[in-house]
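Containing compact mmCIF, C-alpha atoms and all ligand atoms: my_file_7.txt.
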```txt
# COMPACT_ATOMS: atom_id res chain seq x y z
CA MET A 1484 -186.75 -31.54 -199.57
CA THR A 1485 -184.12 -32.03 -196.86
CA ASP A 1486 -182.81 -35.49 -195.99
CA GLY A 1487 -184.92 -35.45 -192.82
CA GLN A 1488 -188.12 -34.63 -194.71
CA THR A 1489 -187.41 -37.35 -197.29
CA LEU A 1490 -186.89 -39.86 -194.50
CA PHE A 1491 -190.16 -38.73 -192.91
CA ALA A 1492 -192.07 -39.17 -196.21
CA VAL A 1493 -190.56 -42.64 -196.69
CA PHE A 1494 -191.63 -43.61 -193.14
CA ALA A 1495 -195.19 -42.39 -193.82
CA LEU A 1496 -195.40 -44.43 -197.04
CA LEU A 1497 -193.96 -47.55 -195.41
CA TYR A 1498 -196.43 -47.11 -192.56
CA LEU A 1499 -199.42 -46.88 -194.92
CA ALA A 1500 -198.19 -49.95 -196.83
CA GLU A 1501 -198.11 -51.81 -193.50
CA CYS A 1502 -201.77 -50.83 -192.88
CA LEU A 1503 -202.82 -52.34 -196.21
CA ARG A 1504 -203.84 -55.99 -196.24
CA LEU A 1505 -204.84 -58.23 -199.09
CA VAL A 1506 -207.93 -60.11 -197.93
CA SER A 1507 -210.75 -62.14 -199.43
CA SER A 1508 -213.25 -59.75 -201.10
CA THR A 1509 -216.04 -61.02 -198.83
CA THR A 1510 -214.17 -60.19 -195.60
CA TRP A 1511 -215.64 -57.97 -192.92
CA MET A 1512 -213.27 -56.38 -190.43
CA ALA A 1513 -214.18 -54.54 -187.23
CA ALA A 1514 -211.78 -52.09 -185.57
CA GLY A 1515 -212.17 -51.14 -181.95
CA PRO A 1516 -212.85 -50.56 -179.22
CA GLY A 1517 -212.92 -46.86 -180.19
CA GLY A 1518 -214.94 -44.05 -178.65
CA ARG A 1519 -218.08 -45.26 -180.46
CA GLY A 1520 -217.51 -48.99 -180.00
CA TRP A 1521 -216.38 -51.04 -182.98
CA THR A 1522 -216.54 -49.85 -186.57
CA VAL A 1523 -216.83 -51.96 -189.72
CA ILE A 1524 -214.09 -51.82 -192.36
CA ARG A 1525 -214.62 -53.42 -195.77
CA PRO A 1526 -212.09 -54.17 -198.53
CA TRP A 1527 -212.17 -52.30 -201.85
CA SER A 1528 -214.05 -55.17 -203.45
CA ARG A 1529 -214.03 -53.59 -206.92
CA LEU A 1530 -210.27 -53.94 -207.00
CA HIS A 1531 -209.20 -57.56 -207.45
CA VAL A 1532 -205.59 -58.47 -206.80
CA GLY A 1533 -204.41 -62.07 -206.61
CA GLY A 1534 -207.90 -63.42 -205.88
CA GLY A 1535 -208.52 -60.92 -203.07
CA SER A 1536 -209.05 -57.19 -202.48
CA PRO A 1537 -206.99 -54.61 -200.55
CA LEU A 1538 -208.24 -53.44 -197.15
CA LEU A 1539 -206.91 -50.46 -195.21
CA LEU A 1540 -206.82 -51.16 -191.47
CA SER A 1541 -207.63 -48.40 -189.02
CA ALA A 1542 -204.46 -46.31 -189.47
CA LEU A 1543 -204.70 -43.29 -187.17
CA PRO A 1544 -204.10 -43.32 -183.41
CA PRO A 1545 -205.35 -44.36 -180.94
CA MET A 1546 -204.44 -47.75 -182.42
CA GLN A 1547 -207.22 -50.31 -182.45
CA ALA A 1548 -207.59 -54.08 -182.37
CA HIS A 1549 -209.08 -55.82 -185.40
CA VAL A 1550 -211.38 -58.84 -185.69
CA THR A 1551 -212.64 -60.61 -188.80
CA ALA A 1552 -216.06 -61.90 -189.88
CA LEU A 1553 -217.26 -63.66 -193.02
CA PRO A 1554 -220.75 -63.91 -194.50
CA TRP A 1555 -221.89 -67.37 -195.55
CA LEU A 1556 -219.71 -68.21 -198.53
CA PHE A 1557 -221.26 -71.57 -199.37
CA VAL A 1558 -225.00 -72.26 -199.42
CA PRO A 1559 -226.41 -75.60 -200.58
CA GLU A 1560 -229.29 -75.35 -203.04
CA GLN A 1561 -231.26 -78.23 -204.53
CA ASP A 1562 -228.99 -78.92 -207.52
CA PHE A 1563 -226.16 -76.45 -206.99
CA LEU A 1564 -223.77 -75.11 -204.43
CA LYS A 1565 -224.10 -71.33 -204.30
CA VAL A 1566 -220.72 -69.66 -203.77
CA ARG A 1567 -220.36 -66.06 -202.68
CA LEU A 1568 -217.38 -64.62 -204.56
CA GLY A 1569 -217.81 -60.98 -203.52
CA ASP A 1570 -220.50 -58.42 -202.72
CA GLY A 1571 -223.33 -59.18 -205.18
CA MET A 1572 -221.19 -61.76 -207.03
CA THR A 1573 -222.14 -65.41 -206.82
CA ALA A 1574 -221.38 -68.59 -208.72
CA ARG A 1575 -223.38 -71.81 -208.83
CA ILE A 1576 -221.62 -75.14 -209.11
CA ALA A 1577 -223.51 -78.35 -209.88
CA TRP A 1578 -222.92 -80.88 -207.09
CA ASP A 1579 -221.46 -83.46 -209.46
CA ARG A 1580 -218.92 -80.92 -210.74
CA LEU A 1581 -217.78 -79.92 -207.25
CA GLY A 1582 -214.25 -81.14 -206.48
CA PRO A 1583 -212.88 -79.05 -203.58
CA ARG A 1584 -209.09 -78.81 -203.43
CA VAL A 1585 -206.81 -76.65 -201.27
CA GLU A 1586 -203.72 -74.79 -202.47
CA GLY A 1587 -202.24 -72.60 -199.74
CA ALA A 1588 -205.15 -70.42 -198.57
CA GLY A 1589 -206.90 -70.88 -201.92
CA LEU A 1590 -209.92 -73.16 -202.17
CA HIS A 1591 -210.52 -74.53 -205.68
CA LEU A 1592 -214.08 -75.75 -206.21
CA ASP A 1593 -214.19 -76.65 -209.89
CA PRO A 1594 -211.79 -75.92 -212.79
CA GLY A 1595 -213.06 -72.33 -213.09
CA THR A 1596 -213.91 -71.25 -209.52
CA HIS A 1597 -211.54 -70.57 -206.68
CA LEU A 1598 -211.71 -68.46 -203.55
CA ARG A 1599 -209.07 -66.90 -201.37
CA MET A 1600 -209.84 -67.96 -197.77
CA PRO A 1601 -208.58 -66.01 -194.72
CA SER A 1602 -206.25 -68.87 -193.75
CA GLU A 1603 -204.99 -72.24 -194.91
CA ALA A 1604 -206.68 -73.87 -191.91
CA LEU A 1605 -210.06 -72.41 -192.88
CA ALA A 1606 -209.61 -73.49 -196.51
CA GLU A 1607 -209.02 -77.04 -195.27
CA ILE A 1608 -212.07 -76.94 -192.93
CA TRP A 1609 -214.26 -75.92 -195.88
CA ARG A 1610 -212.72 -78.48 -198.25
CA ARG A 1611 -213.70 -81.24 -195.85
CA ARG A 1612 -217.14 -79.77 -195.12
CA LEU A 1613 -218.02 -79.32 -198.81
CA ALA A 1614 -216.86 -82.84 -199.63
CA GLU A 1615 -219.21 -84.08 -196.87
CA TRP A 1616 -222.13 -81.95 -198.08
CA ARG A 1617 -221.68 -83.26 -201.63
CA GLU A 1618 -222.46 -86.80 -200.48
CA LEU A 1619 -225.61 -85.88 -198.49
CA PRO A 1620 -229.23 -85.84 -199.71
CA ALA A 1621 -230.70 -82.33 -200.25
CA ASP A 1622 -232.61 -82.07 -196.94
CA GLU A 1623 -229.56 -83.13 -194.92
CA ARG A 1624 -227.40 -80.59 -196.77
CA ARG A 1625 -229.88 -77.89 -195.79
CA ALA A 1626 -229.86 -79.09 -192.17
CA ALA A 1627 -226.03 -79.11 -192.17
CA PHE A 1628 -225.98 -75.54 -193.51
CA LEU A 1629 -228.50 -74.37 -190.89
CA LYS A 1630 -226.37 -75.90 -188.14
CA HIS A 1631 -223.27 -74.12 -189.44
CA ALA A 1632 -225.26 -70.85 -189.79
CA ARG A 1633 -226.50 -71.07 -186.18
CA ALA A 1634 -222.97 -71.59 -184.90
CA SER A 1635 -221.67 -68.63 -186.92
CA LEU A 1636 -224.33 -66.31 -185.46
CA ASP A 1637 -223.26 -66.76 -181.83
CA THR A 1638 -223.28 -63.15 -180.62
CA LYS A 1639 -221.75 -63.99 -177.22
CA ALA A 1640 -218.79 -65.86 -178.77
CA ALA A 1641 -218.18 -63.01 -181.26
CA ALA A 1642 -218.22 -60.43 -178.44
CA ARG A 1643 -215.83 -62.60 -176.41
CA THR A 1644 -213.39 -62.91 -179.34
CA ALA A 1645 -213.41 -59.14 -179.83
CA ALA A 1646 -212.91 -58.46 -176.10
CA ASP A 1647 -210.02 -60.97 -176.08
CA ALA A 1648 -208.38 -59.29 -179.09
CA ALA A 1649 -208.71 -55.88 -177.42
CA GLN A 1650 -207.30 -57.20 -174.14
CA ARG A 1651 -204.34 -59.05 -175.71
CA THR A 1652 -203.32 -55.96 -177.70
CA ARG A 1653 -203.89 -53.34 -175.02
CA MET A 1654 -200.24 -52.67 -174.14
CA PRO A 1655 -198.89 -53.03 -177.71
CA ARG A 1656 -201.55 -50.54 -178.85
CA ILE A 1657 -200.56 -48.04 -176.16
CA ILE A 1658 -196.89 -48.36 -177.17
CA ALA A 1659 -197.84 -48.10 -180.87
CA THR A 1660 -199.90 -44.94 -180.27
CA THR A 1661 -197.01 -43.36 -178.31
CA HIS A 1662 -194.59 -44.46 -181.03
CA PHE A 1663 -196.79 -42.98 -183.79
CA ILE A 1664 -197.06 -39.61 -182.01
CA TRP A 1665 -193.34 -39.63 -181.23
CA CYS A 1666 -192.33 -40.59 -184.78
CA PHE A 1667 -194.64 -38.31 -186.76
CA GLY A 1668 -195.14 -35.54 -184.17
CA VAL A 1669 -192.33 -35.06 -181.65
CA ILE A 1670 -189.38 -35.95 -183.90
CA SER A 1671 -190.74 -33.91 -186.82
CA ALA A 1672 -191.25 -30.90 -184.54
CA ALA A 1673 -187.76 -31.35 -183.04
CA TYR A 1674 -186.22 -31.64 -186.51
CA HIS A 1675 -188.12 -28.56 -187.68
CA ARG A 1676 -186.89 -26.60 -184.65
CA PHE A 1677 -183.32 -27.89 -184.21
CA GLY A 1678 -182.38 -29.44 -187.57
CA ASP A 1679 -179.64 -32.11 -187.57
CA SER A 1680 -178.75 -32.02 -183.90
CA LEU A 1681 -178.22 -34.08 -180.78
CA VAL A 1682 -181.82 -33.37 -179.66
CA VAL A 1683 -183.17 -35.14 -182.76
CA LEU A 1684 -180.73 -37.98 -182.30
CA ALA A 1685 -181.86 -38.41 -178.67
CA SER A 1686 -185.53 -38.41 -179.82
CA ALA A 1687 -184.70 -41.15 -182.31
CA GLY A 1688 -183.10 -43.08 -179.42
CA VAL A 1689 -186.41 -42.94 -177.52
CA LEU A 1690 -188.12 -44.31 -180.65
CA PHE A 1691 -185.70 -47.21 -180.70
CA LEU A 1692 -186.35 -48.00 -177.01
CA LEU A 1693 -190.11 -48.07 -177.73
CA GLN A 1694 -189.48 -50.51 -180.58
CA ILE A 1695 -187.48 -52.83 -178.31
CA ALA A 1696 -190.33 -52.77 -175.76
CA GLN A 1697 -192.84 -53.46 -178.54
CA ALA A 1698 -190.84 -56.45 -179.83
CA TRP A 1699 -190.81 -57.93 -176.32
CA LEU A 1700 -194.57 -57.37 -175.91
CA PHE A 1701 -195.18 -58.95 -179.32
CA LEU A 1702 -193.21 -62.08 -178.40
CA ARG A 1703 -195.04 -62.34 -175.07
CA ALA A 1704 -198.55 -61.82 -176.53
CA THR A 1705 -198.05 -64.28 -179.38
CA LEU A 1706 -196.58 -67.06 -177.23
CA PRO A 1707 -199.92 -68.98 -176.98
CA VAL A 1708 -200.43 -68.86 -180.78
CA LYS A 1709 -196.81 -69.03 -181.90
CA SER A 1710 -197.41 -71.87 -184.35
CA LEU A 1711 -199.92 -69.68 -186.24
CA ILE A 1712 -197.54 -66.78 -186.85
CA PRO A 1713 -194.99 -67.57 -189.53
CA HIS A 1714 -191.43 -66.29 -188.92
CA ARG A 1715 -192.49 -64.99 -185.51
CA ARG A 1716 -188.96 -64.29 -184.23
CA TRP A 1717 -187.90 -62.59 -187.44
CA ARG A 1718 -191.02 -60.47 -187.21
CA ALA A 1719 -190.10 -59.52 -183.62
CA LEU A 1720 -186.64 -58.49 -184.88
CA GLY A 1721 -188.36 -56.39 -187.57
CA ILE A 1722 -190.51 -54.72 -184.90
CA ALA A 1723 -187.37 -53.90 -182.91
CA LEU A 1724 -185.66 -52.35 -185.94
CA LEU A 1725 -188.37 -50.91 -188.19
CA PRO A 1726 -190.76 -48.16 -186.98
CA GLN A 1727 -193.65 -49.13 -189.30
CA LEU A 1728 -193.66 -52.73 -188.01
CA ALA A 1729 -193.52 -51.53 -184.40
CA MET A 1730 -196.56 -49.26 -184.97
CA ARG A 1731 -198.59 -52.13 -186.47
CA ALA A 1732 -197.45 -54.92 -184.11
CA ALA A 1733 -200.97 -55.23 -182.62
CA ASP A 1734 -202.42 -56.30 -186.00
CA ALA A 1735 -200.35 -59.46 -186.11
CA ILE A 1736 -201.49 -60.23 -182.54
CA SER A 1737 -205.23 -59.55 -182.93
CA LEU A 1738 -205.52 -61.17 -186.37
CA ALA A 1739 -203.62 -64.34 -185.44
CA GLY A 1740 -205.69 -67.47 -185.00
CA ASN A 1741 -207.33 -70.06 -187.17
CA GLU A 1742 -210.78 -70.33 -185.66
CA GLU A 1743 -213.76 -69.89 -187.97
CA PRO A 1744 -214.79 -66.23 -188.22
CA PRO A 1745 -218.38 -65.46 -187.20
CA HIS A 1746 -221.06 -64.05 -189.53
CA PRO A 1747 -220.94 -60.20 -189.49
CA LEU A 1748 -224.40 -60.05 -187.88
CA ALA A 1749 -223.00 -61.89 -184.84
CA TRP A 1750 -221.37 -58.51 -184.04
CA ARG A 1751 -224.67 -57.27 -182.61
CA GLY A 1752 -223.09 -56.45 -179.26
CA LEU A 1753 -220.10 -54.72 -180.89
CA LEU A 1754 -221.72 -52.36 -183.37
CA GLY A 1755 -224.21 -49.65 -182.44
CA GLY A 1756 -227.89 -50.66 -182.72
CA GLU A 1757 -228.54 -48.54 -185.83
CA SER A 1758 -225.42 -49.68 -187.63
CA TRP A 1759 -226.17 -53.35 -186.87
CA LEU A 1760 -229.78 -52.99 -188.03
CA ARG A 1761 -228.64 -51.42 -191.32
CA HIS A 1762 -226.43 -54.43 -192.01
CA ALA A 1763 -229.20 -56.81 -190.87
CA ARG A 1764 -231.66 -55.26 -193.33
CA ARG A 1765 -229.17 -55.53 -196.16
CA PHE A 1766 -228.37 -59.19 -195.47
CA TRP A 1767 -232.09 -59.95 -195.21
CA ARG A 1768 -232.94 -58.17 -198.47
CA GLU A 1769 -230.18 -59.98 -200.35
CA THR A 1770 -231.05 -63.43 -199.07
CA ARG A 1771 -234.85 -63.22 -198.92
CA TYR A 1772 -235.47 -61.32 -202.16
CA HIS A 1773 -233.05 -63.20 -204.39
CA PRO A 1774 -233.06 -62.62 -208.16
CA GLY A 1775 -236.27 -64.07 -209.60
CA TRP A 1776 -238.12 -63.90 -206.26
CA THR A 1777 -241.93 -63.95 -206.24
CA ARG A 1778 -244.20 -63.89 -203.19
CA ASP A 1779 -244.92 -67.61 -203.64
CA ASN A 1780 -241.27 -68.56 -203.07
CA SER A 1781 -240.39 -70.35 -199.85
CA LEU A 1782 -237.46 -69.18 -197.73
CA THR A 1783 -233.93 -69.90 -198.98
CA PRO A 1784 -231.69 -71.69 -196.43
CA GLU A 1785 -229.92 -68.36 -195.74
CA ALA A 1786 -233.21 -66.50 -195.19
CA GLU A 1787 -234.44 -69.31 -192.93
CA ALA A 1788 -231.26 -69.08 -190.83
CA LEU A 1789 -231.52 -65.28 -190.60
CA LYS A 1790 -235.20 -65.38 -189.68
CA ALA A 1791 -234.53 -67.88 -186.88
CA PHE A 1792 -231.65 -65.68 -185.65
CA PHE A 1793 -233.74 -62.47 -185.67
CA CYS A 1794 -236.49 -64.32 -183.80
CA LEU A 1795 -233.98 -65.51 -181.19
CA GLU A 1796 -232.60 -61.99 -180.82
CA GLY A 1797 -236.08 -60.49 -180.46
CA VAL A 1798 -235.82 -58.40 -183.64
CA VAL A 1799 -239.28 -58.01 -185.17
CA GLY A 1800 -240.08 -58.30 -188.87
CA SER A 1801 -240.99 -54.62 -189.25
CA ASP A 1802 -237.44 -53.75 -188.07
CA TYR A 1803 -235.42 -55.98 -190.39
CA ASP A 1804 -237.94 -55.94 -193.26
CA PRO A 1805 -239.77 -52.61 -193.00
CA PRO A 1806 -242.92 -52.32 -195.13
CA PRO A 1807 -242.68 -49.97 -198.14
CA GLY A 1808 -243.26 -46.34 -197.23
CA ALA A 1809 -244.10 -45.13 -200.75
CA LYS A 1810 -247.41 -45.09 -202.58
CA LEU A 1811 -245.85 -46.70 -205.64
CA PRO A 1812 -244.73 -50.32 -206.13
CA VAL A 1813 -241.29 -50.86 -204.58
CA CYS A 1814 -238.61 -53.48 -205.21
CA PRO A 1815 -238.06 -55.22 -201.85
CA ARG A 1816 -234.43 -55.95 -202.77
CA CYS A 1817 -233.08 -52.59 -204.01
CA ASN A 1818 -235.89 -50.29 -202.73
CA ALA A 1819 -236.34 -48.67 -206.17
CA GLU A 1820 -239.80 -47.23 -206.82
CA TYR A 1821 -241.71 -48.07 -209.99
CA GLN A 1822 -244.74 -46.73 -211.82
CA THR A 1823 -248.08 -48.41 -211.14
CA GLY A 1824 -248.59 -51.34 -213.50
CA ILE A 1825 -244.97 -52.56 -213.44
CA THR A 1826 -244.65 -55.81 -211.50
CA LEU A 1827 -240.98 -56.88 -211.68
CA CYS A 1828 -237.63 -55.18 -210.92
CA LYS A 1829 -235.39 -55.98 -213.87
CA ASP A 1830 -232.30 -54.50 -212.17
CA CYS A 1831 -232.54 -57.23 -209.51
CA GLY A 1832 -233.06 -60.09 -211.93
CA GLY A 1833 -236.89 -60.05 -211.92
CA VAL A 1834 -237.80 -59.56 -208.24
CA GLU A 1835 -241.58 -59.15 -207.80
CA LEU A 1836 -242.45 -55.63 -206.63
CA ARG A 1837 -244.29 -54.98 -203.39
CA THR A 1838 -247.36 -52.80 -203.50
CA PRO A 1839 -248.16 -50.89 -200.31
CA MET A 1840 -251.37 -51.88 -198.57
CA PRO A 1841 -254.13 -49.29 -199.10
CA GLY A 1842 -254.13 -46.80 -196.24
CA SER A 1843 -250.60 -47.72 -195.06
CA VAL A 1844 -249.20 -44.35 -196.21
ZN ZN B 1901 -234.61 -54.12 -207.45
```
Output the file's structure in the form of structure tokens.
Ligand SMILES: [Zn+2]
Amino acid sequence: MTDGQTLFAVFALLYLAECLRLVSSTTWMAAGPGGRGWTVIRPWSRLHVGGGSPLLLSALPPMQAHVTALPWLFVPEQDFLKVRLGDGMTARIAWDRLGPRVEGAGLHLDPGTHLRMPSEALAEIWRRRLAEWRELPADERRAAFLKHARASLDTKAAARTAADAAQRTRMPRIIATTHFIWCFGVISAAYHRFGDSLVVLASAGVLFLLQIAQAWLFLRATLPVKSLIPHRRWRALGIALLPQLAMRAADAISLAGNEEPPHPLAWRGLLGGESWLRHARRFWRETRYHPGWTRDNSLTPEAEALKAFFCLEGVVGSDYDPPPGAKLPVCPRCNAEYQTGITLCKDCGGVELRTPMPGSV
């Protein structure tokens, strides 16, 4: 490997490291606006590092803006607070054992349960909210949750936030895309053709000018939220000097902010209809057909909130909860088929199976 190739490989590794983020395992990220609208990115939730999971942002050009969403992490039940720790992982904390406490962006709920929140501000919002819920009677807790759920499913607000993020990062993303192509395409080709020469040096000079422009754009775009970006000026200096920071400058701009993230289903206007419906069905299945579900069970607070939302959005039951298409009994939660005579899905913690109506197939 020549010195130039080694430098190139180091740049590529540094760039990929800059695309990696450690986020809460429950985080949903959308990258866009690409050719097919916005696409969902999820963290590798099986890998737990420091209370969170790594997430790879959209790395290839054209560079995209990113926005965050969170499913409902805290759901009040009669005697417990249900806490969503990750996909399919929940904890239940008795109300009298709940003692929310904030440490950085970490929210400690009882001696054994803590969550990494997207920001310190959000951890504090939830500490206060949970302390309030703890003091309420059960029906008021449910009403407080439903109010929070309604607010988090505001599709217009979620679309506005995404459009804002895309608009604020438009120029930095154009510069970053040009910079990426120049760094990994033009300079590499020039080095391959001319070796250590003035042409390559001049190309590197262009790269440096792009970085200076990017640092200026970063400072300008983050001016309204400067208090939310730690070491903002040092970061701008880094963007001016380090190619990998210049290429990812838009991330710091679009992900800055401390407002509460919406529920992922509020992205109805962002994701394609099919993709949104797939997520809607999954959320419905998980909340409606909870472990131990039987057809006599009433709706959980989450299922009630989702049902009201689907109704408001004009999504009919057969779309978000399609009837079983098989002749055999089916688990409504995991869709596994069973032999006739079996009534419960043990894999889902004893969910009662659904038997197709005669003549429906
Ligand atoms: Zn099942």
Please identify every polymer residue within 8 Å of ligand ZN 1901 (chain B), using all atoms listed in the file, and present the set as a ChimeraX atom specification. /A:1813-1819,1828-1834
Taking all atoms listed in the file into account, produce a table as a tab-separated table in which each residue of region 1668-1784 of chain A with an atom at most 10 Å from an atom of region 1794-1812 of chain A appears once, together with its shortest atom pair and the distance in Å to one decimal, ordered by chain and rising number.
```
residue	atom	partner	partner_atom	distance
A:Arg1751	CA	A:Glu1796	CA	9.4
A:Leu1760	CA	A:Tyr1803	CA	6.8
A:Arg1761	CA	A:Tyr1803	CA	8.2
A:His1762	CA	A:Tyr1803	CA	9.3
A:Ala1763	CA	A:Tyr1803	CA	6.3
A:Arg1764	CA	A:Tyr1803	CA	4.8
A:Arg1765	CA	A:Tyr1803	CA	8.5
A:Phe1766	CA	A:Tyr1803	CA	9.3
A:Trp1767	CA	A:Tyr1803	CA	7.1
A:Arg1768	CA	A:Asp1804	CA	7.6
A:Arg1771	CA	A:Asp1804	CA	9.7
```
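Relative to CA of Glu1742 (chain A), CA of Gly1721 (chain A) is found at 26.5 Å.
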Selection near Arg1651 (chain A), 10 Å with only C-alpha atoms, sequence-local residues under 6 positions removed, as a ChimeraX atom specification: /A:1548,1645,1700-1701,1703-1705,1733,1736-1737
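Residue nearest Ala1606 (chain A) within the list A:Leu1636, A:Leu1590, A:Ile1695, A:Leu1556: A:Leu1590 [criterion: smallest interatomic distance, all atoms listed in the file].
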What lies within 10 Å of Ala1735 (chain A) using all atoms listed in the file, ignoring chain neighbours under 4 positions off, as a ChimeraX atom specification? /A:1548-1549,1652,1701,1705,1712,1715,1718,1728,1731,1739-1740
In terms of only C-alpha atoms, the residue from A:Ile1664, A:Leu1711, A:Leu1592, A:Ala1788 at minimal distance from Asp1579 (chain A) is A:Leu1592
Measuring between all atoms listed in the file, which one of A:Pro1583, A:Ser1781, A:Val1682, A:Ala1732 shows the shortest distance to Leu1702 (chain A)? A:Ala1732
For Gln1727 (chain A): contacts at 10 Å, all atoms listed in the file, fewer than 5 positions along chain excluded, given as JSON, numbers by chain: {"A": [1494, 1495, 1496, 1497, 1498, 1499, 1500, 1501, 1502, 1659, 1662, 1663, 1666, 1694, 1721, 1722, 1732]}
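Between Ala1632 (chain A) and the candidates A:Ile1657, A:Val1558, A:Leu1738, A:Met1512, the tightest atom-to-atom separation, counting all atoms listed in the file, involves A:Val1558.
You will find CA of Leu1598 (chain A) at 9.8 Å from CA of Thr1509 (chain A).
Taking CA of Pro1655 (chain A) and CA of Leu1706 (chain A) as endpoints, the distance between them is 14.2 Å.
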